[in-house]
Amino acid sequence: MAVLSILTAPDARLKEPARPVERIDERVLALVDAMLETMYDAPGIGLAAPQVGVGLRVFVADVSAKEEPPSPLVLINPAIVWRSEELVVAEEGCLSLPEHYGEVTRPAEVVMRHRDREGSLREIRAAGLLARCLQHEQDHLDGILFIDHLSMLRRNMILRKLAKARRQSRA
Ligand code: NI
């Protein structure tokens with residue numbers, strides 16, 4: 001199993017909506033395993049398939065604290081089926097926007113329906129950090145980054161800095 005390379009913005013592949021998984025076969029399971037390994041290696045609390053250049057509606061997450069045992073989640077073809085009216089603001093980061101953070105307003109709680117790696121239909125009711133993580137990763141499947149929730153001024157500033165950092169790393 002290999003750690004995959006994570007795309008960073010600006011990259012057109014991060015802006016493309018992903019397509020549903022039609023069959024949970026060995027290829028999809030191998031992708032999920034590699035995504036988990038890549039997420040833990042980064043380290044991060046969530047990773048969506050488009051971030052590793054795969055346009056499928058799959059993401060992995062683990063919001064357990066460092067001192068807790070790992071609690072990996074695999075979500076295939078996820079959909080948010082309920083959102084709380086209550087909104088909360090919190091700072092977010094993203095493995096595809098390294099070293100940049102921003103305050104994003106999102107529903108405080110959500111219910112997400114998805115298939116797990118065995119193909120069983122499941123629902124997660126989430127609040128707090130997990131609710132935020134699930135919504136952030138779901139956005140990735142629709143080509144949306146957390147900076148798309150910020151003002152255009154702030155978004156463009158972050159994208160310019162990332163483009164500059166990339167030019168310098170190539171030089
Ligand atoms: Ni992200």
# chains A, B, ... in the order shown; residues from 1 in each chain; ligands from 1

call {"tool": "select_by_dssp", "arguments": {"residues": "region 93-149 of chain A", "states": "helix (DSSP H, G or I)", "output": "list in words"}}
result
Gly128, Leu129, Leu130, Ala131, Arg132, Cys133, Leu134, Gln135, His136, Glu137, Gln138, Asp139, His140, Leu141, Phe146, Ile147, Asp148 and His149 of chain A

call {"tool": "write_last_selection", "arguments": {"atoms": "C-alpha atoms", "output": "compact mmCIF listing (two decimals), in the first residue's frame"}}
result
# COMPACT_ATOMS: atom_id res chain seq x y z
CA GLY A 128 -19.21 19.37 16.45
CA LEU A 129 -15.96 18.57 14.66
CA LEU A 130 -17.38 15.50 12.90
CA ALA A 131 -20.29 17.50 11.43
CA ARG A 132 -17.82 20.07 10.15
CA CYS A 133 -15.48 17.45 8.73
CA LEU A 134 -18.29 15.57 6.93
CA GLN A 135 -19.57 18.78 5.32
CA HIS A 136 -16.08 19.88 4.30
CA GLU A 137 -15.36 16.50 2.68
CA GLN A 138 -18.79 16.35 1.02
CA ASP A 139 -17.99 19.74 -0.54
CA HIS A 140 -14.85 18.25 -2.11
CA LEU A 141 -17.06 15.77 -4.00
CA PHE A 146 -13.46 25.76 2.04
CA ILE A 147 -12.08 28.96 0.49
CA ASP A 148 -15.18 29.05 -1.74
CA HIS A 149 -17.11 29.89 1.46

call {"tool": "residues_around", "arguments": {"residues": "Val21 (chain A)", "least_positions_apart": "6", "cutoff": "7 Å", "atoms": "only C-alpha atoms", "output": "number ranges by chain"}}
result
A: 56-57, 77

call {"tool": "write_last_selection", "arguments": {"atoms": "N, CA, C and O atoms", "output": "PDB file, in the first residue's frame"}}
result
ATOM      1  N   LEU A  56     -14.251  10.179  -7.855  1.00  0.00           N
ATOM      2  CA  LEU A  56     -15.317   9.312  -7.347  1.00  0.00           C
ATOM      3  C   LEU A  56     -15.848   9.875  -6.036  1.00  0.00           C
ATOM      4  O   LEU A  56     -15.104  10.507  -5.271  1.00  0.00           O
ATOM      5  N   ARG A  57     -17.144   9.599  -5.776  1.00  0.00           N
ATOM      6  CA  ARG A  57     -17.777  10.133  -4.566  1.00  0.00           C
ATOM      7  C   ARG A  57     -17.447   9.226  -3.369  1.00  0.00           C
ATOM      8  O   ARG A  57     -18.243   8.404  -2.939  1.00  0.00           O
ATOM      9  N   ASN A  77     -20.510   7.308  -1.791  1.00  0.00           N
ATOM     10  CA  ASN A  77     -21.745   7.950  -2.282  1.00  0.00           C
ATOM     11  C   ASN A  77     -22.515   8.646  -1.149  1.00  0.00           C
ATOM     12  O   ASN A  77     -23.729   8.440  -0.992  1.00  0.00           O
TER      13      ASN A  77
END

call {"tool": "atom_distance", "arguments": {"atom1": "CA of Glu85 (chain A)", "atom2": "CA of Arg115 (chain A)"}}
result
25.4 Å

call {"tool": "residues_near_ligand", "arguments": {"ligand": "ligand 1", "cutoff": "8 Å", "atoms": "only C-alpha atoms and all ligand atoms", "output": "ChimeraX atom specification"}}
result
/A:46-48,51,93-97,136-137,140,145-146

call {"tool": "atom_distance", "arguments": {"atom1": "CA of Thr38 (chain A)", "atom2": "CA of Gly53 (chain A)"}}
result
12.9 Å

call {"tool": "residues_around", "arguments": {"residues": "region 87-90 of chain A", "least_positions_apart": "6", "cutoff": "6 Å", "atoms": "only C-alpha atoms", "output": "PyMOL selection string"}}
result
chain A and resi 103-108

call {"tool": "write_last_selection", "arguments": {"atoms": "N, CA, C and O atoms", "output": "tab-separated table (two decimals), in the first residue's frame"}}
result
chain	number	residue	atom	x	y	z
A	103	GLU	N	-12.31	31.03	8.53
A	103	GLU	CA	-13.51	30.83	9.32
A	103	GLU	C	-14.67	30.54	8.37
A	103	GLU	O	-14.97	31.35	7.49
A	104	VAL	N	-15.31	29.38	8.56
A	104	VAL	CA	-16.40	28.97	7.68
A	104	VAL	C	-17.66	28.74	8.51
A	104	VAL	O	-17.61	28.12	9.58
A	105	THR	N	-18.79	29.27	8.01
A	105	THR	CA	-20.08	29.08	8.66
A	105	THR	C	-20.76	27.86	8.05
A	105	THR	O	-20.88	27.76	6.83
A	106	ARG	N	-21.19	26.94	8.91
A	106	ARG	CA	-21.89	25.73	8.43
A	106	ARG	C	-22.96	25.33	9.44
A	106	ARG	O	-22.87	25.70	10.61
A	107	PRO	N	-23.93	24.50	9.00
A	107	PRO	CA	-24.89	23.94	9.96
A	107	PRO	C	-24.15	23.21	11.08
A	107	PRO	O	-23.14	22.54	10.83
A	108	ALA	N	-24.68	23.35	12.31
A	108	ALA	CA	-24.02	22.76	13.48
A	108	ALA	C	-24.11	21.24	13.47
A	108	ALA	O	-23.22	20.55	13.96

call {"tool": "atom_distance", "arguments": {"atom1": "CA of Glu16 (chain A)", "atom2": "CA of Pro78 (chain A)"}}
result
16.6 Å

call {"tool": "closest_residue", "arguments": {"among": "A:Glu118, A:Glu92, A:Glu109, A:Asp142", "to": "Arg19 (chain A)", "atoms": "only C-alpha atoms"}}
result
A:Asp142

call {"tool": "closest_residue", "arguments": {"among": "A:Leu4, A:Ile158, A:Leu73, A:Leu29", "to": "Tyr101 (chain A)", "atoms": "only C-alpha atoms"}}
result
A:Ile158

call {"tool": "residues_around", "arguments": {"residues": "Val111 (chain A)", "least_positions_apart": "5", "cutoff": "9 Å", "atoms": "only C-alpha atoms", "output": "PyMOL selection string"}}
result
chain A and resi 79-84+123-126+131

call {"tool": "closest_residue", "arguments": {"among": "A:Val63, A:Val28, A:Ala9, A:Ala2", "to": "Ala163 (chain A)", "atoms": "only C-alpha atoms"}}
result
A:Ala9

call {"tool": "closest_residue", "arguments": {"among": "A:Glu91, A:Asp116, A:Glu99, A:Asp33", "to": "Ile76 (chain A)", "atoms": "only C-alpha atoms"}}
result
A:Asp116

call {"tool": "residues_around", "arguments": {"residues": "Glu37 (chain A)", "least_positions_apart": "5", "cutoff": "12 Å", "atoms": "only C-alpha atoms", "output": "PyMOL selection string"}}
result
chain A and resi 1-6+30-32+42-47+60-62+72

call {"tool": "write_last_selection", "arguments": {"atoms": "all heavy atoms", "output": "tab-separated table (two decimals), in the first residue's frame"}}
result
chain	number	residue	atom	x	y	z
A	1	MET	N	0.85	-1.20	0.00
A	1	MET	CA	0.00	0.00	0.00
A	1	MET	C	0.88	1.24	0.00
A	1	MET	O	1.90	1.26	0.65
A	1	MET	CB	-0.88	-0.01	1.25
A	1	MET	CG	-2.10	0.85	1.13
A	1	MET	SD	-3.17	0.40	-0.26
A	1	MET	CE	-3.63	-1.27	0.21
A	2	ALA	N	0.46	2.20	-0.76
A	2	ALA	CA	1.31	3.39	-0.90
A	2	ALA	C	0.56	4.64	-0.47
A	2	ALA	O	-0.65	4.72	-0.58
A	2	ALA	CB	1.73	3.53	-2.36
A	3	VAL	N	1.36	5.58	0.04
A	3	VAL	CA	0.80	6.90	0.34
A	3	VAL	C	0.64	7.64	-0.99
A	3	VAL	O	1.56	7.67	-1.81
A	3	VAL	CB	1.74	7.66	1.29
A	3	VAL	CG1	1.32	9.11	1.43
A	3	VAL	CG2	1.75	6.99	2.66
A	4	LEU	N	-0.55	8.18	-1.21
A	4	LEU	CA	-0.84	8.86	-2.47
A	4	LEU	C	-0.42	10.32	-2.37
A	4	LEU	O	-0.35	10.88	-1.27
A	4	LEU	CB	-2.34	8.79	-2.76
A	4	LEU	CG	-2.93	7.37	-2.75
A	4	LEU	CD1	-4.46	7.43	-2.72
A	4	LEU	CD2	-2.45	6.60	-3.96
A	5	SER	N	-0.16	10.95	-3.51
A	5	SER	CA	0.16	12.38	-3.43
A	5	SER	C	-1.14	13.18	-3.48
A	5	SER	O	-2.09	12.83	-4.17
A	5	SER	CB	1.16	12.81	-4.50
A	5	SER	OG	0.65	12.55	-5.76
A	6	ILE	N	-1.16	14.23	-2.67
A	6	ILE	CA	-2.37	15.04	-2.50
A	6	ILE	C	-2.26	16.29	-3.38
A	6	ILE	O	-1.25	17.00	-3.33
A	6	ILE	CB	-2.52	15.44	-1.01
A	6	ILE	CG1	-2.67	14.18	-0.14
A	6	ILE	CG2	-3.72	16.38	-0.82
A	6	ILE	CD1	-2.68	14.45	1.36
A	30	ALA	N	-9.23	-0.77	-2.61
A	30	ALA	CA	-7.80	-0.45	-2.60
A	30	ALA	C	-7.63	1.07	-2.52
A	30	ALA	O	-6.73	1.57	-1.81
A	30	ALA	CB	-7.12	-0.99	-3.85
A	31	LEU	N	-8.48	1.80	-3.22
A	31	LEU	CA	-8.43	3.27	-3.16
A	31	LEU	C	-8.69	3.75	-1.74
A	31	LEU	O	-7.97	4.59	-1.21
A	31	LEU	CB	-9.48	3.86	-4.13
A	31	LEU	CG	-9.73	5.37	-3.99
A	31	LEU	CD1	-8.50	6.16	-4.46
A	31	LEU	CD2	-10.97	5.80	-4.77
A	32	VAL	N	-9.75	3.19	-1.11
A	32	VAL	CA	-10.12	3.58	0.24
A	32	VAL	C	-8.96	3.32	1.22
A	32	VAL	O	-8.63	4.17	2.05
A	32	VAL	CB	-11.40	2.81	0.65
A	32	VAL	CG1	-11.56	2.74	2.15
A	32	VAL	CG2	-12.63	3.43	-0.01
A	42	ALA	N	-0.54	12.25	6.51
A	42	ALA	CA	-0.43	13.70	6.23
A	42	ALA	C	0.02	14.55	7.43
A	42	ALA	O	0.97	15.32	7.28
A	42	ALA	CB	-1.72	14.22	5.62
A	43	PRO	N	-0.55	14.51	8.64
A	43	PRO	CA	-1.80	13.86	8.99
A	43	PRO	C	-2.97	14.83	8.81
A	43	PRO	O	-2.82	16.04	8.89
A	43	PRO	CB	-1.59	13.56	10.48
A	43	PRO	CG	-0.73	14.68	10.98
A	43	PRO	CD	0.10	15.16	9.81
A	44	GLY	N	-4.15	14.24	8.58
A	44	GLY	CA	-5.36	15.05	8.45
A	44	GLY	C	-6.52	14.31	9.06
A	44	GLY	O	-6.39	13.14	9.43
A	45	ILE	N	-7.69	14.98	9.15
A	45	ILE	CA	-8.87	14.35	9.74
A	45	ILE	C	-9.88	13.93	8.66
A	45	ILE	O	-10.90	13.34	8.97
A	45	ILE	CB	-9.56	15.23	10.81
A	45	ILE	CG1	-10.06	16.55	10.19
A	45	ILE	CG2	-8.62	15.50	11.96
A	45	ILE	CD1	-10.98	17.35	11.14
A	46	GLY	N	-9.57	14.27	7.41
A	46	GLY	CA	-10.46	13.86	6.32
A	46	GLY	C	-9.73	13.97	5.00
A	46	GLY	O	-8.81	14.78	4.85
A	47	LEU	N	-10.13	13.11	4.06
A	47	LEU	CA	-9.52	13.16	2.72
A	47	LEU	C	-10.55	12.64	1.72
A	47	LEU	O	-11.11	11.56	1.90
A	47	LEU	CB	-8.26	12.29	2.68
A	47	LEU	CG	-7.47	12.31	1.36
A	47	LEU	CD1	-6.81	13.67	1.12
A	47	LEU	CD2	-6.43	11.20	1.35
A	60	VAL	N	-12.78	9.63	3.25
A	60	VAL	CA	-12.45	8.98	4.53
A	60	VAL	C	-12.28	10.08	5.57
A	60	VAL	O	-11.98	11.23	5.23
A	60	VAL	CB	-11.17	8.12	4.43
A	60	VAL	CG1	-11.38	6.95	3.47
A	60	VAL	CG2	-9.96	8.95	4.00
A	61	ALA	N	-12.51	9.72	6.83
A	61	ALA	CA	-12.39	10.70	7.90
A	61	ALA	C	-12.07	9.97	9.20
A	61	ALA	O	-12.38	8.78	9.36
A	61	ALA	CB	-13.70	11.48	8.05
A	62	ASP	N	-11.42	10.69	10.10
A	62	ASP	CA	-11.20	10.21	11.47
A	62	ASP	C	-10.96	11.44	12.34
A	62	ASP	O	-9.91	12.07	12.23
A	62	ASP	CB	-10.01	9.24	11.52
A	62	ASP	CG	-9.87	8.59	12.90
A	62	ASP	OD1	-10.47	9.11	13.86
A	62	ASP	OD2	-9.15	7.59	13.00
A	72	PRO	N	-11.56	5.14	12.03
A	72	PRO	CA	-11.69	5.51	10.62
A	72	PRO	C	-13.12	5.35	10.09
A	72	PRO	O	-13.79	4.38	10.40
A	72	PRO	CB	-10.74	4.54	9.90
A	72	PRO	CG	-10.60	3.39	10.82
A	72	PRO	CD	-10.77	3.90	12.22

call {"tool": "select_by_dssp", "arguments": {"residues": "chain A", "states": "strand (DSSP E or B)", "output": "NGL selection string"}}
result
:A and (19 or 46-48 or 56 or 58-61 or 73-83 or 87-92 or 102-107 or 109-115 or 121-127)
